[in-house]
$ cat model.cif   # mmCIF, C-alpha atoms
data_model
#
loop_
_atom_site.label_atom_id
_atom_site.label_comp_id
_atom_site.auth_asym_id
_atom_site.auth_seq_id
_atom_site.Cartn_x
_atom_site.Cartn_y
_atom_site.Cartn_z
CA MET A 167 145.77 126.61 70.86
CA SER A 168 143.83 128.42 73.57
CA ASP A 169 140.47 128.73 71.78
CA GLY A 170 137.20 127.50 73.26
CA ILE A 171 137.49 124.97 76.03
CA TYR A 172 141.29 124.83 75.57
CA GLY A 173 141.28 128.27 77.21
CA TYR A 174 140.06 126.66 80.46
CA ILE A 175 141.64 123.17 80.49
CA ARG A 176 144.59 121.77 78.59
CA HIS A 177 143.22 118.26 77.98
CA PRO A 178 139.43 118.40 77.43
CA LEU A 179 139.27 115.15 75.44
CA GLN A 180 141.10 113.16 78.11
CA ALA A 181 139.02 114.89 80.82
CA GLY A 182 135.85 113.90 78.97
CA VAL A 183 137.00 110.28 78.69
CA LEU A 184 137.88 110.21 82.42
CA PHE A 185 134.46 111.59 83.44
CA VAL A 186 132.60 109.17 81.18
CA LEU A 187 134.66 106.17 82.35
CA ILE A 188 134.44 106.99 86.08
CA PHE A 189 130.72 107.86 86.06
CA GLY A 190 129.67 105.47 83.29
CA TYR A 191 127.54 103.46 85.72
CA TYR A 192 126.41 103.85 89.31
CA THR A 193 127.59 100.55 90.84
CA TYR A 194 131.28 99.97 91.55
CA THR A 195 132.39 96.35 91.53
CA VAL A 196 135.92 94.98 92.04
CA ASP A 197 136.25 94.55 88.27
CA ARG A 198 135.09 98.12 87.60
CA LEU A 199 137.62 99.52 90.09
CA ILE A 200 140.43 97.54 88.41
CA PHE A 201 139.20 98.75 85.02
CA LEU A 202 139.19 102.36 86.29
CA GLY A 203 142.59 102.02 87.98
CA VAL A 204 144.35 100.75 84.84
CA ASN A 205 142.66 103.24 82.51
CA ILE A 206 143.07 106.32 84.74
CA LEU A 207 146.75 105.48 85.24
CA MET A 208 147.33 105.10 81.49
CA ILE A 209 145.48 108.34 80.64
CA VAL A 210 147.35 110.38 83.27
CA VAL A 211 150.74 108.93 82.24
CA GLY A 212 149.83 109.59 78.57
CA VAL A 213 148.97 113.21 79.33
CA LEU A 214 152.24 113.78 81.20
CA MET A 215 154.24 112.22 78.33
CA GLU A 216 152.34 114.31 75.77
CA GLU A 217 153.05 117.53 77.69
CA LYS A 218 156.74 116.68 77.87
CA ARG A 219 156.78 116.04 74.10
CA LEU A 220 154.87 119.27 73.33
CA CYS A 221 157.24 121.34 75.50
CA TYR A 222 160.10 119.91 73.44
CA LEU A 223 158.44 120.40 70.03
CA GLU A 224 156.45 123.64 70.50
CA LYS A 225 158.24 126.66 71.94
CA ASP A 226 154.91 128.32 72.89
CA TYR A 227 153.60 125.35 74.85
CA PRO A 228 155.28 126.27 78.19
CA LEU A 229 153.65 129.72 77.90
CA TYR A 230 150.29 128.05 77.26
CA MET A 231 150.85 125.87 80.36
CA GLU A 232 151.50 129.02 82.37
CA LYS A 233 148.34 130.65 81.03
CA VAL A 234 146.03 127.63 81.41
CA LYS A 235 147.00 125.87 84.61
CA ALA A 236 144.19 123.25 84.87
CA ARG A 237 144.64 119.95 83.05
CA PHE A 238 141.23 118.29 83.50
CA ILE A 239 138.82 120.39 85.58
CA PRO A 240 138.60 124.19 85.05
CA PHE A 241 140.20 126.17 87.91
CA LEU A 242 140.88 122.97 89.92
CA ILE A 243 143.23 120.27 88.57
CA MET B 179 171.93 112.54 55.84
CA LYS B 180 168.76 112.75 57.91
CA LYS B 181 165.67 113.59 55.89
CA ASP B 182 163.23 115.86 57.75
CA VAL B 183 160.72 116.82 55.05
CA TYR B 184 158.92 114.31 52.89
CA SER B 185 157.06 115.26 49.73
CA ILE B 186 154.06 113.18 48.69
CA ARG B 187 151.78 113.53 45.68
CA LEU B 188 148.10 112.60 45.90
CA THR B 189 147.39 110.25 42.98
CA PRO B 190 143.80 109.06 42.28
CA PHE B 191 144.70 105.73 43.92
CA HIS B 192 145.77 107.46 47.14
CA ARG B 193 142.67 109.68 47.15
CA ILE B 194 140.41 106.61 46.88
CA MET B 195 142.40 104.78 49.56
CA VAL B 196 142.29 107.74 51.97
CA ILE B 197 138.53 108.28 51.52
CA THR B 198 137.92 104.53 52.03
CA LEU B 199 140.04 104.56 55.20
CA ILE B 200 138.28 107.67 56.54
CA PHE B 201 134.86 106.01 56.21
CA THR B 202 136.19 102.70 57.59
CA GLN B 203 137.64 104.40 60.67
CA TYR B 204 134.36 106.20 61.44
CA ILE B 205 132.21 103.07 61.04
CA LEU B 206 134.63 101.00 63.14
CA ALA B 207 134.84 103.76 65.77
CA LEU B 208 131.04 103.84 66.04
CA PHE B 209 130.77 100.04 66.49
CA SER B 210 133.69 99.77 68.90
CA PHE B 211 132.51 102.70 71.06
CA VAL B 212 129.04 101.11 71.33
CA LEU B 213 130.68 97.84 72.46
CA PHE B 214 132.97 99.70 74.87
CA TYR B 215 130.09 101.69 76.39
CA ASN B 216 128.14 98.44 76.74
CA TYR B 217 131.12 97.08 78.71
CA PHE B 218 131.70 99.92 81.19
CA GLY B 219 128.42 101.89 81.10
CA PHE B 220 124.73 101.07 80.97
CA PRO B 221 124.31 97.70 79.21
CA ILE B 222 122.85 97.94 75.69
CA PRO B 223 120.18 95.33 74.78
CA PHE B 224 120.98 92.70 72.11
CA ILE B 225 124.74 93.15 72.33
CA PRO B 226 126.16 89.67 72.92
CA TYR B 227 129.35 90.85 74.66
CA PRO B 228 129.89 91.04 78.46
CA SER B 229 129.23 94.12 80.58
CA LEU B 230 130.55 95.23 83.98
CA ALA B 231 127.03 96.23 85.02
CA ASN B 232 125.25 92.94 84.46
CA ALA B 233 128.00 90.36 84.95
CA ARG B 234 126.39 87.23 86.41
CA THR B 235 129.42 85.43 87.81
CA THR B 236 131.58 85.99 90.88
CA HIS B 237 134.34 83.89 89.31
CA THR B 238 137.26 86.26 88.77
CA HIS B 239 139.49 86.67 85.70
CA TYR B 240 141.52 89.64 86.92
CA ILE B 241 144.82 88.76 85.18
CA ARG B 242 143.12 88.01 81.88
CA ASN B 243 141.17 91.30 82.00
CA ILE B 244 144.21 93.38 82.99
CA LEU B 245 146.22 91.83 80.14
CA LEU B 246 143.45 92.77 77.70
CA TYR B 247 143.42 96.39 79.01
CA LEU B 248 147.21 96.52 78.64
CA PHE B 249 147.00 95.05 75.13
CA PHE B 250 144.72 97.93 74.16
CA TRP B 251 147.01 100.53 75.74
CA ALA B 252 150.16 98.95 74.27
CA GLN B 253 148.70 99.42 70.78
CA HIS B 254 147.88 103.06 71.58
CA ILE B 255 151.31 103.85 73.00
CA ILE B 256 153.49 101.95 70.50
CA MET B 257 151.69 103.29 67.43
CA ALA B 258 151.91 106.87 68.78
CA THR B 259 155.67 106.87 69.29
CA LEU B 260 157.86 108.97 67.01
CA LYS B 261 160.26 106.03 66.62
CA TYR B 262 157.49 103.82 65.17
CA LYS B 263 156.31 106.56 62.79
CA LEU B 264 159.83 107.41 61.59
CA ALA B 265 160.63 103.74 61.01
CA TRP B 266 157.61 103.43 58.70
CA VAL B 267 158.05 106.78 56.93
CA THR B 268 161.70 106.10 56.10
CA SER B 269 160.76 102.80 54.42
CA CYS B 270 157.48 104.04 52.88
CA THR B 271 156.98 107.80 52.42
CA TYR B 272 153.25 107.42 51.85
CA PHE B 273 152.85 106.09 55.38
CA ALA B 274 152.62 109.75 56.50
CA LEU B 275 149.39 110.02 54.53
CA TYR B 276 147.83 106.89 56.04
CA ASP B 277 149.29 106.96 59.57
CA ARG B 278 146.34 108.65 61.33
CA TYR B 279 143.73 106.39 59.67
CA ILE B 280 145.71 103.19 60.29
CA TYR B 281 146.10 104.26 63.94
CA ASN B 282 142.35 104.86 64.30
CA ILE B 283 141.40 101.60 62.57
CA MET B 284 143.83 99.58 64.71
CA SER B 285 142.50 101.31 67.86
CA GLY B 286 138.93 100.40 66.91
CA ALA B 287 139.92 96.79 66.15
CA CYS B 288 141.80 96.44 69.47
CA LEU B 289 138.85 97.93 71.36
CA TRP B 290 136.55 95.41 69.67
CA ILE B 291 138.85 92.49 70.55
CA MET B 292 139.11 93.72 74.15
CA CYS B 293 135.33 94.01 74.56
CA ALA B 294 134.75 90.57 73.05
CA TYR B 295 137.17 88.69 75.34
CA LEU B 296 136.81 90.49 78.69
CA GLU B 297 135.17 88.41 81.43
CA PRO B 298 133.96 90.67 84.25
CA SER B 299 132.66 89.38 87.57
CA TYR B 300 130.14 91.03 89.90
CA ILE B 301 131.43 91.65 93.42
CA LEU B 302 129.82 94.91 94.56
CA ILE B 303 131.91 97.36 96.62
CA PHE B 304 129.72 100.50 96.66
CA SER B 305 127.26 102.46 94.57
CA ILE B 306 126.32 106.12 93.96
CA PRO B 307 122.92 107.63 93.06
CA MET B 308 122.10 107.17 89.40
CA TRP B 309 121.52 110.93 88.89
CA VAL B 310 125.11 111.65 90.01
CA SER B 311 126.37 109.15 87.43
CA LEU B 312 124.26 110.70 84.65
CA LEU B 313 125.16 114.28 85.63
CA PHE B 314 128.93 113.73 85.57
CA MET B 315 128.66 111.66 82.41
CA ALA B 316 126.94 114.64 80.76
CA VAL B 317 129.86 116.85 81.90
CA GLY B 318 132.27 114.36 80.31
CA ILE B 319 130.31 114.31 77.05
CA PHE B 320 130.30 118.13 77.03
CA PHE B 321 134.12 118.14 77.39
CA LEU B 322 134.43 115.63 74.54
CA ILE B 323 132.20 117.64 72.18
CA ALA B 324 133.73 121.03 73.10
CA GLY B 325 137.26 119.61 72.78
CA SER B 326 136.51 118.07 69.37
CA ILE B 327 134.99 121.33 68.09
CA SER B 328 137.98 123.39 69.29
CA LEU B 329 140.43 120.88 67.82
CA GLY B 330 138.76 120.99 64.38
CA SER B 331 140.78 119.17 61.73
CA VAL B 332 144.13 119.43 63.55
CA MET B 333 144.34 115.62 63.70
CA MET B 334 143.74 115.21 59.94
CA PRO B 335 147.04 115.00 58.01
CA ILE B 336 145.36 116.49 54.92
CA PRO B 337 141.97 118.30 55.00
CA PHE B 338 139.14 116.32 53.41
CA ASP B 339 138.34 118.98 50.76
CA LYS B 340 141.99 118.94 49.63
CA ILE B 341 141.89 115.13 49.23
CA VAL B 342 138.79 115.40 47.06
CA ASN B 343 139.48 118.59 45.06
CA ASP B 344 143.07 119.84 44.96
CA ASP B 345 145.92 118.76 42.69
#

$ encode --input "model.cif" --output "C-alpha coordinates"
Amino acid sequence: MSDGIYGYIRHPLQAGVLFVLIFGYYTYTVDRLIFLGVNILMIVVGVLMEEKRLCYLEKDYPLYMEKVKARFIPFLI
Amino acid sequence: MKKDVYSIRLTPFHRIMVITLIFTQYILALFSFVLFYNYFGFPIPFIPYPSLANARTTHTHYIRNILLYLFFWAQHIIMATLKYKLAWVTSCTYFALYDRYIYNIMSGACLWIMCAYLEPSYILIFSIPMWVSLLFMAVGIFFLIAGSISLGSVMMPIPFDKIVNDD
(Lines of atoms letter the chains of each structure in order from A and count residues from 1; the text may use other names and numbers.)
(Lines give C-alpha, C1' and ligand atoms only; values in the text may rest on other atoms or scores of the structure.)
Protein backbone atom coordinates (compact mmCIF):
# COMPACT_ATOMS: atom_id res chain seq x y z
CA MET A 1 0.00 0.00 0.00
CA SER A 2 2.62 2.55 -1.02
CA ASP A 3 1.38 3.28 -4.56
CA GLY A 4 0.60 6.78 -5.80
CA ILE A 5 -0.01 9.39 -3.15
CA TYR A 6 0.26 6.72 -0.41
CA GLY A 7 3.99 6.78 -1.18
CA TYR A 8 4.15 10.37 0.14
CA ILE A 9 1.52 10.53 2.91
CA ARG A 10 -0.17 7.78 4.89
CA HIS A 11 -3.65 9.34 5.12
CA PRO A 12 -4.44 11.28 1.92
CA LEU A 13 -8.23 11.02 2.31
CA GLN A 14 -8.18 12.41 5.85
CA ALA A 15 -5.65 15.08 4.76
CA GLY A 16 -7.98 16.08 1.92
CA VAL A 17 -10.96 16.33 4.28
CA LEU A 18 -8.91 18.44 6.73
CA PHE A 19 -7.78 20.86 3.99
CA VAL A 20 -11.30 21.21 2.59
CA LEU A 21 -12.85 21.72 6.05
CA ILE A 22 -10.24 24.23 7.26
CA PHE A 23 -10.13 26.27 4.04
CA GLY A 24 -13.76 25.73 3.00
CA TYR A 25 -14.51 29.44 3.41
CA TYR A 26 -12.48 32.57 4.07
CA THR A 27 -14.23 33.98 7.16
CA TYR A 28 -13.74 32.36 10.56
CA THR A 29 -16.60 32.81 13.02
CA VAL A 30 -16.89 31.41 16.55
CA ASP A 31 -19.18 28.66 15.22
CA ARG A 32 -16.74 27.77 12.44
CA LEU A 33 -13.85 27.49 14.91
CA ILE A 34 -15.92 25.18 17.14
CA PHE A 35 -16.89 23.16 14.07
CA LEU A 36 -13.22 22.89 13.05
CA GLY A 37 -12.05 22.08 16.59
CA VAL A 38 -14.47 19.16 17.02
CA ASN A 39 -13.90 17.76 13.53
CA ILE A 40 -10.08 18.09 13.51
CA LEU A 41 -9.92 16.40 16.92
CA MET A 42 -12.11 13.51 15.78
CA ILE A 43 -10.16 13.02 12.52
CA VAL A 44 -6.76 13.05 14.27
CA VAL A 45 -7.97 10.66 17.01
CA GLY A 46 -9.49 8.42 14.30
CA VAL A 47 -6.21 8.33 12.38
CA LEU A 48 -4.21 7.42 15.51
CA MET A 49 -6.70 4.63 16.37
CA GLU A 50 -6.61 3.33 12.78
CA GLU A 51 -2.80 3.21 12.80
CA LYS A 52 -2.81 1.30 16.08
CA ARG A 53 -5.31 -1.19 14.62
CA LEU A 54 -3.34 -1.59 11.36
CA CYS A 55 -0.08 -2.20 13.26
CA TYR A 56 -1.89 -4.99 15.11
CA LEU A 57 -3.54 -6.53 12.02
CA GLU A 58 -0.92 -5.99 9.28
CA LYS A 59 2.66 -7.07 9.98
CA ASP A 60 4.00 -4.85 7.15
CA TYR A 61 2.33 -1.67 8.40
CA PRO A 62 5.13 -0.65 10.84
CA LEU A 63 7.59 -0.95 7.92
CA TYR A 64 5.31 1.24 5.80
CA MET A 65 5.21 3.79 8.66
CA GLU A 66 9.01 3.79 8.70
CA LYS A 67 9.14 4.29 4.94
CA VAL A 68 6.44 6.98 4.70
CA LYS A 69 6.81 9.22 7.73
CA ALA A 70 4.31 12.00 6.88
CA ARG A 71 0.66 11.50 7.83
CA PHE A 72 -1.05 14.49 6.19
CA ILE A 73 1.41 16.80 4.40
CA PRO A 74 4.26 15.34 2.29
CA PHE A 75 7.68 15.72 3.97
CA LEU A 76 6.18 17.76 6.86
CA ILE A 77 3.60 16.19 9.22
CA MET B 1 -15.34 -22.50 19.13
CA LYS B 2 -14.60 -19.11 17.59
CA LYS B 3 -15.47 -18.89 13.92
CA ASP B 4 -13.00 -16.76 11.92
CA VAL B 5 -14.02 -17.42 8.31
CA TYR B 6 -17.56 -17.01 7.04
CA SER B 7 -18.72 -18.39 3.71
CA ILE B 8 -21.50 -16.57 1.87
CA ARG B 9 -23.17 -17.40 -1.44
CA LEU B 10 -24.42 -14.63 -3.72
CA THR B 11 -28.04 -15.50 -4.59
CA PRO B 12 -30.00 -13.36 -7.12
CA PHE B 13 -31.76 -11.68 -4.18
CA HIS B 14 -28.45 -10.63 -2.63
CA ARG B 15 -27.10 -9.40 -5.96
CA ILE B 16 -30.18 -7.18 -6.45
CA MET B 17 -29.96 -5.94 -2.86
CA VAL B 18 -26.25 -5.12 -3.13
CA ILE B 19 -26.66 -3.25 -6.44
CA THR B 20 -29.61 -1.29 -4.99
CA LEU B 21 -27.58 -0.38 -1.90
CA ILE B 22 -24.56 0.66 -4.00
CA PHE B 23 -26.68 3.11 -6.02
CA THR B 24 -28.51 4.32 -2.88
CA GLN B 25 -25.23 5.05 -1.09
CA TYR B 26 -23.86 7.07 -4.03
CA ILE B 27 -27.04 9.14 -4.46
CA LEU B 28 -27.27 9.79 -0.70
CA ALA B 29 -23.55 10.62 -0.54
CA LEU B 30 -23.96 13.17 -3.34
CA PHE B 31 -26.94 14.89 -1.64
CA SER B 32 -25.42 14.85 1.84
CA PHE B 33 -22.03 16.18 0.65
CA VAL B 34 -23.78 19.06 -1.16
CA LEU B 35 -25.65 19.89 2.07
CA PHE B 36 -22.46 19.56 4.13
CA TYR B 37 -20.47 21.80 1.77
CA ASN B 38 -23.31 24.32 1.89
CA TYR B 39 -22.93 24.29 5.69
CA PHE B 40 -19.16 24.76 6.04
CA GLY B 41 -18.10 26.12 2.62
CA PHE B 42 -19.46 28.61 0.11
CA PRO B 43 -23.27 28.71 0.47
CA ILE B 44 -25.15 27.05 -2.41
CA PRO B 45 -28.25 28.93 -3.71
CA PHE B 46 -31.72 27.39 -3.18
CA ILE B 47 -30.61 25.03 -0.42
CA PRO B 48 -32.97 25.68 2.49
CA TYR B 49 -30.55 24.54 5.21
CA PRO B 50 -28.31 26.83 7.33
CA SER B 51 -24.73 27.76 6.45
CA LEU B 52 -21.80 28.98 8.55
CA ALA B 53 -21.00 31.60 5.93
CA ASN B 54 -24.33 33.38 5.77
CA ALA B 55 -25.77 32.84 9.25
CA ARG B 56 -27.88 35.90 10.10
CA THR B 57 -28.16 35.57 13.87
CA THR B 58 -25.71 36.21 16.71
CA HIS B 59 -27.84 34.05 19.01
CA THR B 60 -25.67 31.07 19.92
CA HIS B 61 -26.57 27.36 19.99
CA TYR B 62 -23.12 25.99 20.79
CA ILE B 63 -24.23 22.98 22.88
CA ARG B 64 -26.86 21.94 20.37
CA ASN B 65 -24.38 22.19 17.47
CA ILE B 66 -21.62 20.32 19.32
CA LEU B 67 -24.08 17.53 20.20
CA LEU B 68 -25.03 17.24 16.53
CA TYR B 69 -21.33 17.02 15.51
CA LEU B 70 -20.79 14.34 18.17
CA PHE B 71 -23.90 12.45 17.01
CA PHE B 72 -22.38 12.26 13.53
CA TRP B 73 -19.00 11.10 14.86
CA ALA B 74 -20.58 8.60 17.27
CA GLN B 75 -22.26 6.89 14.31
CA HIS B 76 -18.94 6.80 12.43
CA ILE B 77 -16.96 5.39 15.37
CA ILE B 78 -19.51 2.87 16.70
CA MET B 79 -20.30 1.39 13.28
CA ALA B 80 -16.57 1.05 12.50
CA THR B 81 -15.67 -0.95 15.59
CA LEU B 82 -14.76 -4.61 15.25
CA LYS B 83 -17.03 -5.44 18.21
CA TYR B 84 -20.09 -4.02 16.41
CA LYS B 85 -19.25 -5.85 13.17
CA LEU B 86 -18.59 -9.18 14.90
CA ALA B 87 -21.83 -8.91 16.87
CA TRP B 88 -23.80 -8.55 13.63
CA VAL B 89 -21.86 -11.17 11.63
CA THR B 90 -22.27 -13.83 14.33
CA SER B 91 -26.05 -13.36 14.30
CA CYS B 92 -26.37 -12.80 10.52
CA THR B 93 -23.56 -14.03 8.25
CA TYR B 94 -24.78 -11.97 5.31
CA PHE B 95 -24.10 -8.78 7.26
CA ALA B 96 -20.50 -9.02 5.98
CA LEU B 97 -21.84 -8.49 2.47
CA TYR B 98 -23.91 -5.43 3.38
CA ASP B 99 -21.76 -3.86 6.13
CA ARG B 100 -19.91 -1.31 3.96
CA TYR B 101 -23.09 -0.13 2.19
CA ILE B 102 -25.11 0.11 5.42
CA TYR B 103 -22.25 2.11 6.95
CA ASN B 104 -22.16 4.52 4.00
CA ILE B 105 -25.94 4.94 3.92
CA MET B 106 -26.11 5.58 7.67
CA SER B 107 -23.24 8.09 7.38
CA GLY B 108 -25.08 9.96 4.62
CA ALA B 109 -28.33 9.96 6.62
CA CYS B 110 -26.57 11.25 9.76
CA LEU B 111 -24.81 13.96 7.74
CA TRP B 112 -28.18 15.01 6.31
CA ILE B 113 -29.78 15.15 9.79
CA MET B 114 -26.82 17.14 11.13
CA CYS B 115 -26.99 19.70 8.31
CA ALA B 116 -30.75 20.10 8.70
CA TYR B 117 -30.72 20.81 12.45
CA LEU B 118 -27.51 22.84 12.95
CA GLU B 119 -28.07 26.48 13.92
CA PRO B 120 -24.90 28.50 13.32
CA SER B 121 -24.45 32.10 14.46
CA TYR B 122 -22.26 34.79 12.91
CA ILE B 123 -19.68 36.28 15.27
CA LEU B 124 -16.62 37.04 13.13
CA ILE B 125 -13.15 36.40 14.60
CA PHE B 126 -10.87 36.79 11.54
CA SER B 127 -10.74 36.21 7.81
CA ILE B 128 -8.16 35.19 5.18
CA PRO B 129 -7.92 36.20 1.49
CA MET B 130 -10.38 34.26 -0.65
CA TRP B 131 -7.59 33.05 -3.00
CA VAL B 132 -5.81 31.36 -0.07
CA SER B 133 -9.05 29.55 0.79
CA LEU B 134 -9.56 28.40 -2.81
CA LEU B 135 -5.91 27.37 -3.27
CA PHE B 136 -5.79 25.15 -0.17
CA MET B 137 -9.22 23.74 -0.94
CA ALA B 138 -7.88 22.69 -4.36
CA VAL B 139 -4.95 20.95 -2.58
CA GLY B 140 -7.48 19.11 -0.38
CA ILE B 141 -9.55 18.05 -3.39
CA PHE B 142 -6.37 16.80 -5.11
CA PHE B 143 -5.55 14.67 -2.04
CA LEU B 144 -9.09 13.26 -2.02
CA ILE B 145 -9.02 12.35 -5.72
CA ALA B 146 -5.46 10.94 -5.63
CA GLY B 147 -6.23 8.95 -2.47
CA SER B 148 -9.44 7.51 -3.95
CA ILE B 149 -7.63 6.49 -7.16
CA SER B 150 -4.79 4.81 -5.24
CA LEU B 151 -7.25 3.04 -2.95
CA GLY B 152 -9.24 1.62 -5.89
CA SER B 153 -11.83 -0.94 -4.78
CA VAL B 154 -10.11 -1.84 -1.49
CA MET B 155 -13.17 -0.63 0.44
CA MET B 156 -15.59 -2.79 -1.60
CA PRO B 157 -16.23 -6.16 0.09
CA ILE B 158 -16.89 -7.78 -3.30
CA PRO B 159 -15.89 -6.18 -6.65
CA PHE B 160 -18.85 -4.90 -8.68
CA ASP B 161 -18.15 -7.14 -11.72
CA LYS B 162 -18.18 -10.21 -9.45
CA ILE B 163 -21.58 -9.20 -8.01
CA VAL B 164 -23.01 -8.88 -11.51
CA ASN B 165 -21.29 -11.76 -13.35
CA ASP B 166 -19.70 -14.48 -11.22
CA ASP B 167 -21.33 -17.53 -9.64

$ interface_residues --input "model.cif" --of "chain A" --to "chain B" --cutoff "9 Å" --atoms "all atoms listed in the file" --output "PyMOL selection string"
chain A and resi 167-172+177-201+204-205+208+212

$ residues_around --input "model.cif" --residues "range 291-296 of chain B" --least-positions-apart "2" --cutoff "8 Å" --atoms "all atoms listed in the file" --output "MDAnalysis selection string"
chainID B and resid 213:214 217 227:228 242:243 246:247 250 287:289 298

$ write_last_selection --input "model.cif" --atoms "C-alpha atoms" --output "short mmCIF file (atom, residue, chain, number, x, y, z; two decimals), keeping the file's coordinate frame"
data_model
loop_
_atom_site.label_atom_id
_atom_site.label_comp_id
_atom_site.auth_asym_id
_atom_site.auth_seq_id
_atom_site.Cartn_x
_atom_site.Cartn_y
_atom_site.Cartn_z
CA LEU B 213 130.68 97.84 72.46
CA PHE B 214 132.97 99.70 74.87
CA TYR B 217 131.12 97.08 78.71
CA TYR B 227 129.35 90.85 74.66
CA PRO B 228 129.89 91.04 78.46
CA ARG B 242 143.12 88.01 81.88
CA ASN B 243 141.17 91.30 82.00
CA LEU B 246 143.45 92.77 77.70
CA TYR B 247 143.42 96.39 79.01
CA PHE B 250 144.72 97.93 74.16
CA ALA B 287 139.92 96.79 66.15
CA CYS B 288 141.80 96.44 69.47
CA LEU B 289 138.85 97.93 71.36
CA PRO B 298 133.96 90.67 84.25
#

$ atom_distance --input "model.cif" --atom1 "CA of Ile280 in chain B" --atom2 "CA of Ile209 in chain A"
21.0 Å

$ resolve_selection --input "model.cif" --expression "the PyMOL selection byres ((chain A and resi 238) around 6)" --output "MDAnalysis selection string"
chainID A and resid 175 177 181 236:237 239 243

$ resolve_selection --input "model.cif" --expression "the PyMOL selection byres ((chain B and resi 273) around 12)" --output "VMD selection string"
chain B and resid 184 to 186 192 196 262 to 272 274 to 281 335

$ build_atoms --input "model.cif" --residues "range 187-203 of chain B" --atoms "N, CA and C atoms" --output "PDB file, in the coordinates of the input"
ATOM      1  N   ARG B 187     152.732 113.046  46.663  1.00  0.00           N
ATOM      2  CA  ARG B 187     151.780 113.530  45.680  1.00  0.00           C
ATOM      3  C   ARG B 187     150.527 112.666  45.759  1.00  0.00           C
ATOM      4  N   LEU B 188     149.358 113.337  45.786  1.00  0.00           N
ATOM      5  CA  LEU B 188     148.100 112.600  45.900  1.00  0.00           C
ATOM      6  C   LEU B 188     147.657 112.106  44.525  1.00  0.00           C
ATOM      7  N   THR B 189     147.878 110.843  44.233  1.00  0.00           N
ATOM      8  CA  THR B 189     147.390 110.250  42.980  1.00  0.00           C
ATOM      9  C   THR B 189     145.937 109.813  43.187  1.00  0.00           C
ATOM     10  N   PRO B 190     145.195 109.524  42.109  1.00  0.00           N
ATOM     11  CA  PRO B 190     143.800 109.060  42.280  1.00  0.00           C
ATOM     12  C   PRO B 190     143.715 107.827  43.187  1.00  0.00           C
ATOM     13  N   PHE B 191     144.688 106.929  43.070  1.00  0.00           N
ATOM     14  CA  PHE B 191     144.700 105.730  43.920  1.00  0.00           C
ATOM     15  C   PHE B 191     144.747 106.124  45.403  1.00  0.00           C
ATOM     16  N   HIS B 192     145.632 107.052  45.733  1.00  0.00           N
ATOM     17  CA  HIS B 192     145.770 107.460  47.140  1.00  0.00           C
ATOM     18  C   HIS B 192     144.524 108.193  47.637  1.00  0.00           C
ATOM     19  N   ARG B 193     143.914 108.980  46.753  1.00  0.00           N
ATOM     20  CA  ARG B 193     142.670 109.680  47.150  1.00  0.00           C
ATOM     21  C   ARG B 193     141.593 108.651  47.488  1.00  0.00           C
ATOM     22  N   ILE B 194     141.441 107.635  46.635  1.00  0.00           N
ATOM     23  CA  ILE B 194     140.410 106.610  46.880  1.00  0.00           C
ATOM     24  C   ILE B 194     140.720 105.854  48.177  1.00  0.00           C
ATOM     25  N   MET B 195     141.993 105.515  48.360  1.00  0.00           N
ATOM     26  CA  MET B 195     142.400 104.780  49.560  1.00  0.00           C
ATOM     27  C   MET B 195     142.113 105.596  50.829  1.00  0.00           C
ATOM     28  N   VAL B 196     142.467 106.887  50.777  1.00  0.00           N
ATOM     29  CA  VAL B 196     142.290 107.740  51.970  1.00  0.00           C
ATOM     30  C   VAL B 196     140.796 107.886  52.296  1.00  0.00           C
ATOM     31  N   ILE B 197     139.976 108.119  51.269  1.00  0.00           N
ATOM     32  CA  ILE B 197     138.530 108.280  51.520  1.00  0.00           C
ATOM     33  C   ILE B 197     137.948 106.972  52.080  1.00  0.00           C
ATOM     34  N   THR B 198     138.381 105.834  51.527  1.00  0.00           N
ATOM     35  CA  THR B 198     137.920 104.530  52.030  1.00  0.00           C
ATOM     36  C   THR B 198     138.314 104.362  53.502  1.00  0.00           C
ATOM     37  N   LEU B 199     139.560 104.704  53.821  1.00  0.00           N
ATOM     38  CA  LEU B 199     140.040 104.560  55.200  1.00  0.00           C
ATOM     39  C   LEU B 199     139.311 105.503  56.159  1.00  0.00           C
ATOM     40  N   ILE B 200     139.006 106.719  55.680  1.00  0.00           N
ATOM     41  CA  ILE B 200     138.280 107.670  56.540  1.00  0.00           C
ATOM     42  C   ILE B 200     136.918 107.093  56.917  1.00  0.00           C
ATOM     43  N   PHE B 201     136.184 106.573  55.917  1.00  0.00           N
ATOM     44  CA  PHE B 201     134.860 106.010  56.210  1.00  0.00           C
ATOM     45  C   PHE B 201     134.979 104.753  57.081  1.00  0.00           C
ATOM     46  N   THR B 202     135.987 103.916  56.789  1.00  0.00           N
ATOM     47  CA  THR B 202     136.190 102.700  57.590  1.00  0.00           C
ATOM     48  C   THR B 202     136.445 103.048  59.044  1.00  0.00           C
ATOM     49  N   GLN B 203     137.297 104.053  59.281  1.00  0.00           N
ATOM     50  CA  GLN B 203     137.640 104.400  60.670  1.00  0.00           C
ATOM     51  C   GLN B 203     136.407 104.906  61.426  1.00  0.00           C
TER      52      GLN B 203
END
